[in-house]
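Structure file work-v3.cif with mmCIF, C-alpha atoms and all ligand atoms:
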data_coords
loop_
_atom_site.label_atom_id
_atom_site.label_comp_id
_atom_site.auth_asym_id
_atom_site.auth_seq_id
_atom_site.Cartn_x
_atom_site.Cartn_y
_atom_site.Cartn_z
CA MET A 88 -86.61 -25.48 -25.19
CA SER A 89 -90.00 -23.79 -25.42
CA LYS A 90 -90.40 -20.67 -27.54
CA LYS A 91 -89.43 -17.39 -25.88
CA THR A 92 -92.18 -14.81 -25.60
CA ALA A 93 -91.50 -11.12 -26.17
CA LEU A 94 -93.89 -8.28 -25.49
CA ILE A 95 -93.46 -5.12 -27.54
CA THR A 96 -95.17 -1.85 -26.66
CA GLY A 97 -95.60 0.52 -29.61
CA ILE A 98 -95.93 -2.43 -32.01
CA SER A 99 -97.45 -0.30 -34.76
CA GLY A 100 -94.53 2.17 -34.85
CA GLN A 101 -91.35 2.04 -36.93
CA ASP A 102 -89.19 0.26 -34.35
CA GLY A 103 -92.02 -1.97 -33.13
CA ALA A 104 -92.58 -3.32 -36.63
CA TYR A 105 -88.90 -3.96 -37.37
CA LEU A 106 -88.30 -5.52 -33.97
CA ALA A 107 -91.35 -7.78 -34.28
CA ASP A 108 -90.10 -8.97 -37.66
CA PHE A 109 -86.64 -9.63 -36.25
CA LEU A 110 -87.93 -11.53 -33.20
CA LEU A 111 -90.36 -13.61 -35.25
CA LYS A 112 -87.43 -14.67 -37.42
CA LYS A 113 -85.69 -15.70 -34.19
CA LYS A 114 -88.75 -17.86 -33.43
CA TYR A 115 -90.11 -15.74 -30.61
CA LYS A 116 -93.80 -15.60 -29.85
CA VAL A 117 -94.55 -11.87 -30.16
CA ILE A 118 -97.21 -10.08 -28.15
CA GLY A 119 -97.86 -6.68 -29.71
CA CYS A 120 -99.31 -3.96 -27.53
CA ASP A 121 -100.67 -0.63 -28.56
CA ARG A 122 -103.37 1.90 -27.87
CA ARG A 123 -106.80 1.22 -29.24
CA SER A 124 -106.44 4.36 -31.39
CA ALA A 125 -103.31 2.96 -33.07
CA ARG A 126 -105.06 -0.30 -33.97
CA ASN A 127 -106.01 0.70 -37.49
CA ASN A 128 -102.52 1.87 -38.24
CA ASN A 129 -100.77 -1.43 -38.91
CA TRP A 130 -99.51 -0.65 -42.42
CA ARG A 131 -95.92 -1.38 -41.43
CA LEU A 132 -96.78 -4.83 -40.10
CA ILE A 133 -98.84 -5.49 -43.22
CA ARG A 134 -96.00 -4.42 -45.51
CA LEU A 135 -93.66 -6.78 -43.64
CA GLY A 136 -96.27 -9.54 -43.96
CA ILE A 137 -96.27 -10.26 -40.22
CA GLN A 138 -99.58 -8.85 -39.00
CA ASP A 139 -101.14 -12.32 -38.68
CA LYS A 140 -98.17 -13.67 -36.74
CA ILE A 141 -98.54 -11.24 -33.84
CA ILE A 142 -100.82 -11.63 -30.84
CA PHE A 143 -102.33 -8.20 -30.26
CA GLU A 144 -103.25 -6.87 -26.84
CA GLU A 145 -104.68 -3.48 -26.04
CA MET A 146 -102.42 -1.88 -23.47
CA GLU A 147 -102.32 1.83 -22.74
CA LEU A 148 -99.11 2.88 -21.01
CA GLY A 149 -101.25 5.14 -18.82
CA GLU A 150 -103.35 2.24 -17.51
CA ILE A 151 -101.62 0.17 -14.83
CA LEU A 152 -104.47 -2.38 -14.69
CA GLN A 153 -104.13 -3.11 -18.42
CA ILE A 154 -100.37 -3.49 -18.02
CA GLN A 155 -100.79 -5.88 -15.09
CA ARG A 156 -103.42 -7.91 -16.95
CA VAL A 157 -101.25 -8.44 -20.04
CA ILE A 158 -98.04 -9.18 -18.15
CA LYS A 159 -99.82 -11.74 -15.96
CA LYS A 160 -101.57 -13.37 -18.92
CA TYR A 161 -98.45 -14.63 -20.71
CA LYS A 162 -95.19 -16.30 -19.73
CA ILE A 163 -93.07 -13.39 -20.92
CA SER A 164 -89.26 -13.50 -21.16
CA GLU A 165 -88.54 -10.04 -22.58
CA ILE A 166 -90.42 -6.75 -22.69
CA TYR A 167 -89.40 -4.04 -25.16
CA ASN A 168 -90.89 -0.69 -24.22
CA LEU A 169 -90.99 1.20 -27.51
CA GLY A 170 -94.35 2.87 -26.92
CA ALA A 171 -94.33 6.58 -26.21
CA GLN A 172 -95.59 9.97 -27.22
CA SER A 173 -92.48 10.15 -29.38
CA PHE A 174 -92.80 13.39 -31.33
CA VAL A 175 -90.65 16.07 -29.71
CA ALA A 176 -92.63 19.01 -31.16
CA THR A 177 -95.94 17.64 -29.79
CA SER A 178 -94.44 17.33 -26.32
CA PHE A 179 -94.35 21.13 -26.02
CA ASN A 180 -98.14 21.23 -26.51
CA SER A 181 -98.86 18.11 -24.46
CA PRO A 182 -96.21 18.09 -21.72
CA ILE A 183 -98.32 16.36 -19.08
CA TYR A 184 -99.55 13.62 -21.39
CA THR A 185 -95.95 13.14 -22.61
CA ALA A 186 -94.58 12.95 -19.06
CA ASP A 187 -97.25 10.42 -18.15
CA ILE A 188 -96.93 8.10 -21.16
CA THR A 189 -93.28 8.52 -22.16
CA GLY A 190 -91.92 8.90 -18.62
CA LEU A 191 -94.23 7.10 -16.20
CA GLY A 192 -95.30 4.45 -18.73
CA ALA A 193 -91.91 2.79 -18.29
CA LEU A 194 -92.25 2.95 -14.50
CA ARG A 195 -95.66 1.27 -14.62
CA ILE A 196 -94.15 -1.66 -16.52
CA LEU A 197 -91.07 -1.85 -14.30
CA ASP A 198 -93.18 -1.88 -11.17
CA THR A 199 -95.44 -4.57 -12.60
CA ILE A 200 -92.38 -6.68 -13.40
CA ARG A 201 -91.03 -6.15 -9.88
CA THR A 202 -94.27 -7.17 -8.21
CA THR A 203 -95.43 -9.97 -10.51
CA ASN A 204 -92.39 -11.61 -12.14
CA PRO A 205 -88.94 -10.09 -11.51
CA LYS A 206 -87.35 -12.54 -13.97
CA VAL A 207 -88.82 -10.71 -16.97
CA LYS A 208 -86.14 -8.74 -18.82
CA PHE A 209 -86.92 -5.13 -19.71
CA TYR A 210 -85.67 -2.94 -22.56
CA GLN A 211 -86.31 0.81 -22.46
CA ALA A 212 -86.13 2.95 -25.58
CA SER A 213 -84.03 5.83 -24.27
CA SER A 214 -83.19 8.68 -26.59
CA SER A 215 -80.31 10.89 -27.66
CA GLU A 216 -82.72 13.80 -27.08
CA MET A 217 -81.83 13.44 -23.39
CA TYR A 218 -78.43 15.03 -24.16
CA GLY A 219 -80.27 18.14 -25.35
CA ASP A 220 -78.01 21.15 -25.20
CA VAL A 221 -75.01 18.84 -25.30
CA LEU A 222 -72.37 19.00 -22.59
CA GLU A 223 -69.84 16.97 -24.59
CA ASN A 224 -69.12 16.92 -28.30
CA ASN A 225 -69.37 13.14 -28.62
CA GLN A 226 -72.11 11.82 -26.39
CA ASN A 227 -71.63 8.46 -24.69
CA GLU A 228 -73.21 6.53 -21.80
CA LYS A 229 -71.43 8.76 -19.25
CA THR A 230 -72.29 12.13 -20.82
CA PRO A 231 -74.64 14.08 -18.51
CA PHE A 232 -78.13 14.77 -19.80
CA ASN A 233 -79.29 18.32 -20.47
CA PRO A 234 -82.81 17.90 -21.91
CA ARG A 235 -84.52 20.65 -23.90
CA SER A 236 -88.10 19.40 -24.30
CA PRO A 237 -90.84 17.79 -22.22
CA TYR A 238 -90.24 14.67 -24.35
CA ALA A 239 -86.55 14.56 -23.45
CA ILE A 240 -87.28 15.17 -19.76
CA ALA A 241 -89.82 12.31 -19.80
CA LYS A 242 -87.28 10.01 -21.48
CA ALA A 243 -84.64 10.96 -18.90
CA CYS A 244 -87.15 10.19 -16.14
CA ALA A 245 -87.79 6.72 -17.57
CA HIS A 246 -84.06 6.20 -18.06
CA TYR A 247 -83.34 6.89 -14.39
CA PHE A 248 -86.17 4.60 -13.28
CA VAL A 249 -84.63 1.78 -15.31
CA LYS A 250 -81.31 2.31 -13.54
CA ASN A 251 -83.01 2.64 -10.16
CA TYR A 252 -85.00 -0.60 -10.57
CA ARG A 253 -81.88 -2.40 -11.79
CA ASP A 254 -79.85 -1.16 -8.80
CA SER A 255 -82.58 -1.52 -6.19
CA TYR A 256 -84.30 -4.77 -7.18
CA ASN A 257 -81.70 -6.42 -9.36
CA LEU A 258 -84.02 -6.48 -12.38
CA PHE A 259 -82.52 -7.17 -15.79
CA ALA A 260 -83.43 -3.75 -17.12
CA VAL A 261 -81.49 -1.95 -19.84
CA SER A 262 -81.76 1.33 -21.72
CA GLY A 263 -80.65 1.67 -25.31
CA ILE A 264 -79.79 5.31 -25.90
CA LEU A 265 -80.58 5.35 -29.59
CA PHE A 266 -79.69 8.32 -31.71
CA ASN A 267 -82.10 9.26 -34.51
CA HIS A 268 -82.91 6.22 -36.59
CA GLU A 269 -84.83 6.48 -39.79
CA SER A 270 -86.31 4.25 -42.46
CA PRO A 271 -89.19 4.07 -44.93
CA PHE A 272 -91.28 3.19 -41.84
CA ARG A 273 -90.68 6.53 -40.14
CA GLY A 274 -93.83 8.47 -39.28
CA GLU A 275 -94.61 11.24 -41.75
CA GLU A 276 -94.27 14.00 -39.13
CA PHE A 277 -90.56 13.35 -38.56
CA VAL A 278 -88.26 15.43 -40.69
CA THR A 279 -86.54 12.76 -42.84
CA ARG A 280 -89.78 11.10 -43.88
CA LYS A 281 -91.47 14.46 -44.36
CA ILE A 282 -88.71 15.22 -46.86
CA THR A 283 -88.66 11.87 -48.71
CA LEU A 284 -92.47 11.70 -48.93
CA GLY A 285 -92.76 15.41 -49.78
CA LEU A 286 -90.27 15.15 -52.65
CA THR A 287 -92.06 12.07 -53.97
CA LYS A 288 -95.41 13.89 -53.88
CA ILE A 289 -93.89 16.90 -55.64
CA ILE A 290 -92.53 14.64 -58.39
CA HIS A 291 -96.05 13.19 -58.82
CA GLY A 292 -97.59 16.67 -58.91
CA ASP A 293 -99.50 15.95 -55.67
CA GLN A 294 -97.82 18.64 -53.54
CA ASP A 295 -96.45 22.10 -54.32
CA CYS A 296 -93.59 22.36 -51.89
CA ILE A 297 -92.35 21.22 -48.48
CA GLU A 298 -92.44 23.58 -45.50
CA LEU A 299 -89.84 22.98 -42.83
CA GLY A 300 -88.45 24.59 -39.67
CA ASN A 301 -84.80 24.74 -38.62
CA LEU A 302 -82.57 23.41 -41.43
CA TYR A 303 -79.38 23.76 -39.42
CA ALA A 304 -80.02 21.33 -36.55
CA LYS A 305 -77.61 18.41 -36.83
CA ARG A 306 -78.50 14.81 -36.14
CA ASP A 307 -76.69 11.48 -36.02
CA TRP A 308 -78.92 9.47 -38.37
CA GLY A 309 -78.80 5.68 -38.49
CA TYR A 310 -80.96 2.97 -40.02
CA ALA A 311 -83.80 1.77 -37.77
CA LYS A 312 -83.85 -1.78 -39.10
CA GLU A 313 -80.22 -2.16 -38.09
CA TYR A 314 -80.73 -0.58 -34.66
CA VAL A 315 -83.55 -2.87 -33.47
CA GLU A 316 -81.18 -5.85 -33.61
CA LEU A 317 -79.04 -4.09 -31.02
CA MET A 318 -82.03 -3.87 -28.69
CA TRP A 319 -82.21 -7.65 -28.74
CA LYS A 320 -78.44 -8.00 -28.35
CA MET A 321 -78.44 -5.80 -25.24
CA MET A 322 -81.04 -8.14 -23.74
CA GLN A 323 -78.85 -11.21 -24.38
CA GLN A 324 -75.82 -9.85 -22.48
CA LYS A 325 -74.80 -11.42 -19.16
CA LYS A 326 -75.05 -8.09 -17.40
CA ALA A 327 -77.81 -5.50 -17.80
CA GLU A 328 -76.16 -2.28 -18.97
CA ASP A 329 -77.04 0.81 -21.01
CA TYR A 330 -75.65 1.40 -24.49
CA VAL A 331 -75.41 4.29 -26.94
CA ILE A 332 -76.33 3.29 -30.50
CA SER A 333 -75.27 5.81 -33.12
CA THR A 334 -73.29 6.19 -36.33
CA GLY A 335 -70.79 8.70 -34.94
CA LYS A 336 -71.51 11.10 -37.84
CA SER A 337 -73.64 14.22 -37.67
CA TYR A 338 -75.41 16.00 -40.55
CA SER A 339 -77.75 18.97 -40.83
CA ILE A 340 -81.31 18.74 -42.14
CA LYS A 341 -80.03 20.68 -45.15
CA SER A 342 -77.41 17.99 -45.85
CA PHE A 343 -80.13 15.34 -45.71
CA ILE A 344 -82.17 17.33 -48.25
CA ASN A 345 -79.13 17.81 -50.49
CA GLU A 346 -78.48 14.07 -50.42
CA CYS A 347 -82.11 13.37 -51.42
CA VAL A 348 -82.18 15.80 -54.35
CA LYS A 349 -78.82 14.45 -55.52
CA TYR A 350 -80.20 10.92 -55.43
CA LEU A 351 -83.25 12.03 -57.40
CA LYS A 352 -80.97 13.84 -59.88
CA LEU A 353 -82.90 17.09 -59.45
CA LYS A 354 -81.10 20.29 -60.42
CA THR A 355 -81.57 22.66 -57.51
CA LYS A 356 -80.11 25.68 -55.75
CA TRP A 357 -80.54 27.26 -52.32
CA VAL A 358 -81.47 30.94 -52.33
CA GLY A 359 -82.22 33.48 -49.59
CA LYS A 360 -81.34 33.54 -45.91
CA GLY A 361 -83.00 32.80 -42.57
CA VAL A 362 -86.77 32.38 -42.84
CA ASN A 363 -86.54 33.36 -46.52
CA GLU A 364 -84.23 30.50 -47.41
CA LYS A 365 -85.60 28.29 -50.19
CA LEU A 366 -84.62 25.36 -52.34
CA VAL A 367 -85.49 26.03 -55.96
CA ASN A 368 -85.77 23.54 -58.81
CA THR A 369 -83.63 25.28 -61.45
CA LYS A 370 -85.33 23.38 -64.28
CA ASN A 371 -88.75 25.02 -63.75
CA ASN A 372 -87.95 27.67 -61.10
CA LYS A 373 -90.47 26.09 -58.70
CA ILE A 374 -89.83 26.20 -54.97
CA LEU A 375 -89.25 22.74 -53.53
CA ILE A 376 -88.59 23.71 -49.92
CA LYS A 377 -89.36 26.81 -47.90
CA ILE A 378 -89.32 27.77 -44.24
CA ASN A 379 -92.41 28.04 -42.08
CA LYS A 380 -91.79 29.43 -38.60
CA LYS A 381 -94.47 27.17 -37.15
CA PHE A 382 -92.07 24.23 -37.46
CA PHE A 383 -89.45 25.85 -35.22
CA ARG A 384 -89.42 24.44 -31.69
CA PRO A 385 -89.57 26.59 -28.55
CA ALA A 386 -86.18 25.08 -27.59
CA GLU A 387 -84.05 23.28 -30.17
CA VAL A 388 -81.45 20.54 -29.88
CA ASN A 389 -78.83 21.88 -32.25
CA PHE A 390 -76.29 19.12 -32.37
CA LEU A 391 -76.10 15.40 -31.64
CA LYS A 392 -73.28 12.97 -32.35
CA GLY A 393 -73.08 9.64 -30.55
CA ASP A 394 -70.02 7.72 -29.43
CA HIS A 395 -70.88 4.03 -29.79
CA LYS A 396 -67.52 2.61 -28.63
CA LYS A 397 -69.12 0.59 -25.84
CA ALA A 398 -71.64 -1.06 -28.21
CA LYS A 399 -68.83 -1.77 -30.64
CA LYS A 400 -66.84 -3.54 -27.95
CA HIS A 401 -69.56 -5.39 -26.01
CA LEU A 402 -72.13 -6.01 -28.71
CA ASN A 403 -69.55 -6.53 -31.43
CA TRP A 404 -71.26 -4.03 -33.70
CA LYS A 405 -70.42 -1.24 -36.06
CA PRO A 406 -72.87 0.82 -38.11
CA LYS A 407 -73.37 -0.40 -41.66
CA THR A 408 -75.60 2.32 -43.12
CA ASN A 409 -74.24 5.77 -43.86
CA LEU A 410 -76.37 8.78 -44.81
CA LYS A 411 -76.09 8.18 -48.54
CA LYS A 412 -77.23 4.58 -48.19
CA LEU A 413 -80.03 5.58 -45.82
CA VAL A 414 -81.33 8.15 -48.31
CA LYS A 415 -81.28 5.53 -51.06
CA ILE A 416 -83.22 3.02 -48.91
CA MET A 417 -85.81 5.64 -47.97
CA MET A 418 -86.23 7.23 -51.41
CA ASP A 419 -86.40 3.88 -53.25
CA GLU A 420 -89.14 2.52 -51.01
CA GLU A 421 -90.99 5.85 -50.97
CA ILE A 422 -91.15 5.87 -54.76
CA ALA A 423 -91.99 2.17 -55.03
CA TYR A 424 -94.91 2.34 -52.57
CA TYR A 425 -96.20 5.82 -53.30
CA SER A 426 -99.80 5.89 -54.33
CA PRO A 427 -101.90 9.04 -53.96
CA LEU A 428 -104.86 6.75 -53.15
CA ASN A 429 -103.11 5.52 -50.00
CA LYS A 430 -102.47 8.97 -48.69
P1 LIG A 501 -86.11 14.49 -33.36
O1 LIG A 501 -86.71 14.13 -34.81
O2 LIG A 501 -86.83 15.63 -32.76
O3 LIG A 501 -84.64 14.61 -33.51
O4 LIG A 501 -86.48 13.20 -32.50
P2 LIG A 501 -87.44 15.03 -35.91
O5 LIG A 501 -87.25 14.29 -37.18
O6 LIG A 501 -88.81 15.39 -35.51
O7 LIG A 501 -86.58 16.38 -35.93
C1 LIG A 501 -85.21 16.42 -36.27
C2 LIG A 501 -84.75 17.83 -36.46
O8 LIG A 501 -85.33 18.38 -37.62
C3 LIG A 501 -85.76 19.71 -37.36
N1 LIG A 501 -86.83 20.10 -38.28
C4 LIG A 501 -88.04 19.53 -38.37
N2 LIG A 501 -88.54 18.46 -37.71
C5 LIG A 501 -89.80 18.07 -38.03
N3 LIG A 501 -90.31 17.00 -37.42
N4 LIG A 501 -90.54 18.75 -38.98
C6 LIG A 501 -90.07 19.82 -39.65
O9 LIG A 501 -90.74 20.40 -40.48
C7 LIG A 501 -88.74 20.23 -39.34
N5 LIG A 501 -87.93 21.20 -39.81
C8 LIG A 501 -86.79 21.12 -39.16
C9 LIG A 501 -86.21 19.65 -35.91
O10 LIG A 501 -86.28 20.98 -35.37
C10 LIG A 501 -85.12 18.78 -35.31
O11 LIG A 501 -84.00 19.54 -34.99
C11 LIG A 501 -86.49 11.91 -33.06
C12 LIG A 501 -87.74 11.20 -32.52
O12 LIG A 501 -87.89 9.96 -33.19
C13 LIG A 501 -87.61 10.91 -31.04
O13 LIG A 501 -88.72 10.15 -30.60
C14 LIG A 501 -86.31 10.16 -30.80
O14 LIG A 501 -86.15 9.92 -29.44
C15 LIG A 501 -85.14 10.95 -31.35
O15 LIG A 501 -85.32 11.20 -32.72
C16 LIG A 501 -83.82 10.19 -31.18
#
Would you write the structure of this file as structure tokens?
Ligand code: GDR
Amino acid sequence: MSKKTALITGISGQDGAYLADFLLKKKYKVIGCDRRSARNNNWRLIRLGIQDKIIFEEMELGEILQIQRVIKKYKISEIYNLGAQSFVATSFNSPIYTADITGLGALRILDTIRTTNPKVKFYQASSSEMYGDVLENNQNEKTPFNPRSPYAIAKACAHYFVKNYRDSYNLFAVSGILFNHESPFRGEEFVTRKITLGLTKIIHGDQDCIELGNLYAKRDWGYAKEYVELMWKMMQQKKAEDYVISTGKSYSIKSFINECVKYLKLKTKWVGKGVNEKLVNTKNNKILIKINKKFFRPAEVNFLKGDHKKAKKHLNWKPKTNLKKLVKIMMDEEIAYYSPLNK
């Protein structure tokens, strides 16, 4: 049997890099698509040692002609749409760009599949952010969406297009509703990586303290490397269906911080309340973490906790990485790779 070909959008991001690595190990030919501006940002692929094994194509999710050109050029079996404007906070400042790329980007690919080769399978990176101001305590595939940001609205739009193209044209199109998934490959603007990198810089004397927003939002945090395998598994099922991928546990940002300082064996205490709340290093009385209002969002998602029963049953999966283990993975790699010259 000839090699399968997979196309990944957002190849330079956290999930793109892990998924590319996974698919290459499965002997796929991997076409990696990204924006021209992301081209010099392949440090994840370099760290995995796979940059030379990927065929790169420039493909903006806003440009239908580029999408058509790339999809027609190769004999593609599976497309993984991981590309997006994926930072929730930015979506409030760039709602139209976010709607176009994160929402309509998926539609452009789906429509190209429909009109050029309806046999191509399609994976959409849906998001737990779609649940927003949650309508059920444990969110599963049937929980109604209640989005709170332009990003979440755009993701919900893409999610419904996937379902619509599956129902209308019988495409093999699936959405993985992934809850937050972190790793040493997380972008530095996301809260977990901001914390692990910030603490590492503080230890090296390269940063004074970390400024954060809402410490009390709760997230269901899993390990990205583990989650990308589920994307592939969803695409190997007989029937195209959507799945929630989550750990089923929810922790606040503050708990994540506490787990990090515990792992680093720092002696700390929380003092103050509200915007004056701070984490102090009791050894030298220096402030490690303080609040800056600019990191609060106009509308916050306060609580997420995913119910992954369906994935457990159909994909024969259960989460292997709890918060403590995740913190260890992230902190260890942060410390091992930290070099002020790289930053
Ligand atoms: P999220 O991830 O919005 O959940 O979306 P992020 O890490 O940005 O925020 C998580 C929570 O932390 C709070 N927070 C801060 N967040 C950031 N980024 N920076 C801060 O300084 C800060 N202080 C507090 C936020 O308010 C929020 O409640 C991620 C993205 O990867 C999406 O693309 C993806 O779809 C979802 O996860 C699942």
Kindly provide the residues of chain A that approach ligand LIG 501 (chain A) to within 7 Å, each paired with its closest atom pair and their distance in Å to one decimal, based on all atoms listed in the file, listed by chain and increasing number, as a Markdown table.
| residue | atom | partner | partner_atom | distance |
| --- | --- | --- | --- | --- |
| A:Ser173 | CA | A:LIG501 | O13 | 4.0 |
| A:Phe174 | CA | A:LIG501 | O13 | 5.3 |
| A:Val175 | CA | A:LIG501 | O2 | 4.9 |
| A:Ala176 | CA | A:LIG501 | O6 | 6.8 |
| A:Ser213 | CA | A:LIG501 | O14 | 6.9 |
| A:Ser214 | CA | A:LIG501 | O14 | 4.3 |
| A:Ser215 | CA | A:LIG501 | C16 | 5.0 |
| A:Glu216 | CA | A:LIG501 | C16 | 5.6 |
| A:Leu265 | CA | A:LIG501 | C16 | 6.0 |
| A:Phe266 | CA | A:LIG501 | C16 | 4.6 |
| A:Asn267 | CA | A:LIG501 | C16 | 3.9 |
| A:His268 | CA | A:LIG501 | O15 | 6.8 |
| A:Glu276 | CA | A:LIG501 | N3 | 5.3 |
| A:Phe277 | CA | A:LIG501 | O5 | 3.7 |
| A:Val278 | CA | A:LIG501 | O5 | 3.8 |
| A:Thr279 | CA | A:LIG501 | O5 | 5.9 |
| A:Lys281 | CA | A:LIG501 | N4 | 6.9 |
| A:Glu298 | CA | A:LIG501 | O9 | 6.2 |
| A:Leu299 | CA | A:LIG501 | O9 | 3.6 |
| A:Gly300 | CA | A:LIG501 | N5 | 3.4 |
| A:Asn301 | CA | A:LIG501 | C8 | 4.2 |
| A:Leu302 | CA | A:LIG501 | C8 | 5.3 |
| A:Ala304 | CA | A:LIG501 | O11 | 4.6 |
| A:Lys305 | CA | A:LIG501 | O11 | 6.7 |
| A:Arg306 | CA | A:LIG501 | O3 | 6.7 |
| A:Ile340 | CA | A:LIG501 | O8 | 6.1 |
| A:Phe382 | CA | A:LIG501 | O9 | 5.1 |
| A:Phe383 | CA | A:LIG501 | O10 | 5.8 |
| A:Arg384 | CA | A:LIG501 | O10 | 5.9 |
| A:Glu387 | CA | A:LIG501 | O11 | 6.1 |
| A:Val388 | CA | A:LIG501 | O11 | 5.8 |
| A:Asn389 | CA | A:LIG501 | O11 | 6.3 |
Name all residues at most 9 Å from Leu197 of chain A (count all atoms listed in the file; drop same-chain ones fewer than 6 positions away) and give them as a count of residues only.
-> 7
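Using only C-alpha atoms, the protein and nucleic acid residues lying at most 10 Å from the point (-87.4, -3.8, -33.7) are A:Ile95, A:Ile98, A:Gly100, A:Gln101, A:Asp102, A:Gly103, A:Ala104, A:Tyr105, A:Leu106, A:Ala107, A:Asp108, A:Phe109, A:Leu110, A:Tyr167, A:Leu169, A:Ala311, A:Lys312, A:Glu313, A:Tyr314, A:Val315, A:Glu316, A:Leu317, A:Met318, A:Trp319.
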Who sits within 7 Å of Glu269 of chain A, only C-alpha atoms, same chain under 6 positions skipped, as a PyMOL selection string = chain A and resi 308-311
Using only C-alpha atoms, which residues sit within 9 Å of Val261 of chain A once same-chain residues fewer than 4 positions away are excluded, as a list of chain:residue names?
->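 Close residues of Val261 of chain A: A:Lys208, A:Phe209, A:Tyr210, A:Gln211, A:Ala212, A:His246, A:Val249, A:Lys250, A:Arg253, A:Met321, A:Met322, A:Ala327, A:Glu328, A:Asp329, A:Tyr330.
Counting all atoms listed in the file, the residue from A:Ala171, A:Cys347, A:Ile290, A:Val117 that sits nearest to Met417 of chain A is A:Cys347.
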Quick one: of A:Leu351, A:Leu413, A:Ile196, A:Leu366, who's nearest to Leu152 of chain A, counting only C-alpha atoms?
-> A:Ile196
Distance of atom CA of Asp121 of chain A from atom CA of Lys320 of chain A, expressed in Å to one decimal place = 23.4 Å
Which residue gives the smallest distance to Ala186 of chain A among A:Val157, A:Leu148, A:Val207, A:Lys229, with all atoms listed in the file counted?
->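 When distances to Ala186 of chain A are compared using all atoms listed in the file, the smallest one comes from A:Leu148.
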Surrounding residues of segment 133-147 of chain A excluding itself and chain neighbours under 6 positions, 12 Å, all atoms listed in the file, as number ranges by chain | A: 92-99, 101, 103-112, 114-127, 153-158, 160-161, 168, 170-172, 187-189, 191-193, 195-196, 271-272, 312, 420, 424
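Those DNA, RNA and protein residues that approach the point (-75.8, 15.7, -43.2) to within 10 Å, considering only C-alpha atoms, are A:Tyr303, A:Ala304, A:Lys305, A:Arg306, A:Asp307, A:Trp308, A:Lys336, A:Ser337, A:Tyr338, A:Ser339, A:Ile340, A:Lys341, A:Ser342, A:Phe343, A:Ile344, A:Asn345, A:Glu346, A:Leu410, A:Lys411.
Taking only C-alpha atoms into account, Leu286 of chain A lies nearest to A:Tyr425 out of the set A:Tyr238, A:Phe390, A:Tyr425, A:Tyr218.
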Which is closer to Tyr350 of chain A than all the others in A:Cys244, A:Ile416, A:Ile378, A:Leu284, using all atoms listed in the file?
->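 Selected residue with least distance to Tyr350 of chain A: A:Ile416.
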Which residue of A:Ile264, A:Val358, A:Ile374, A:Ile183 approaches Gln226 of chain A most closely, using all atoms listed in the file =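 Checking each candidate against Gln226 of chain A, we get A:Ile264 as the closest.
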How far is it from atom CA of Asp419 of chain A to atom CA of Ser270 of chain A, in Å with one decimal?
->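 A separation of 10.8 Å between them.
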Take atom CA of Glu421 of chain A and atom CA of Asn409 of chain A and report the distance between them in Å, one decimal.
->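 Rounded to one decimal, the two atoms are 18.2 Å apart.
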Skip Gly292 of chain A itself and residues of its chain fewer than 5 positions away, then list as a ChimeraX atom specification all residues within 12 Å of it, counting only C-alpha atoms.
-> /A:285-287,373,375,426-427
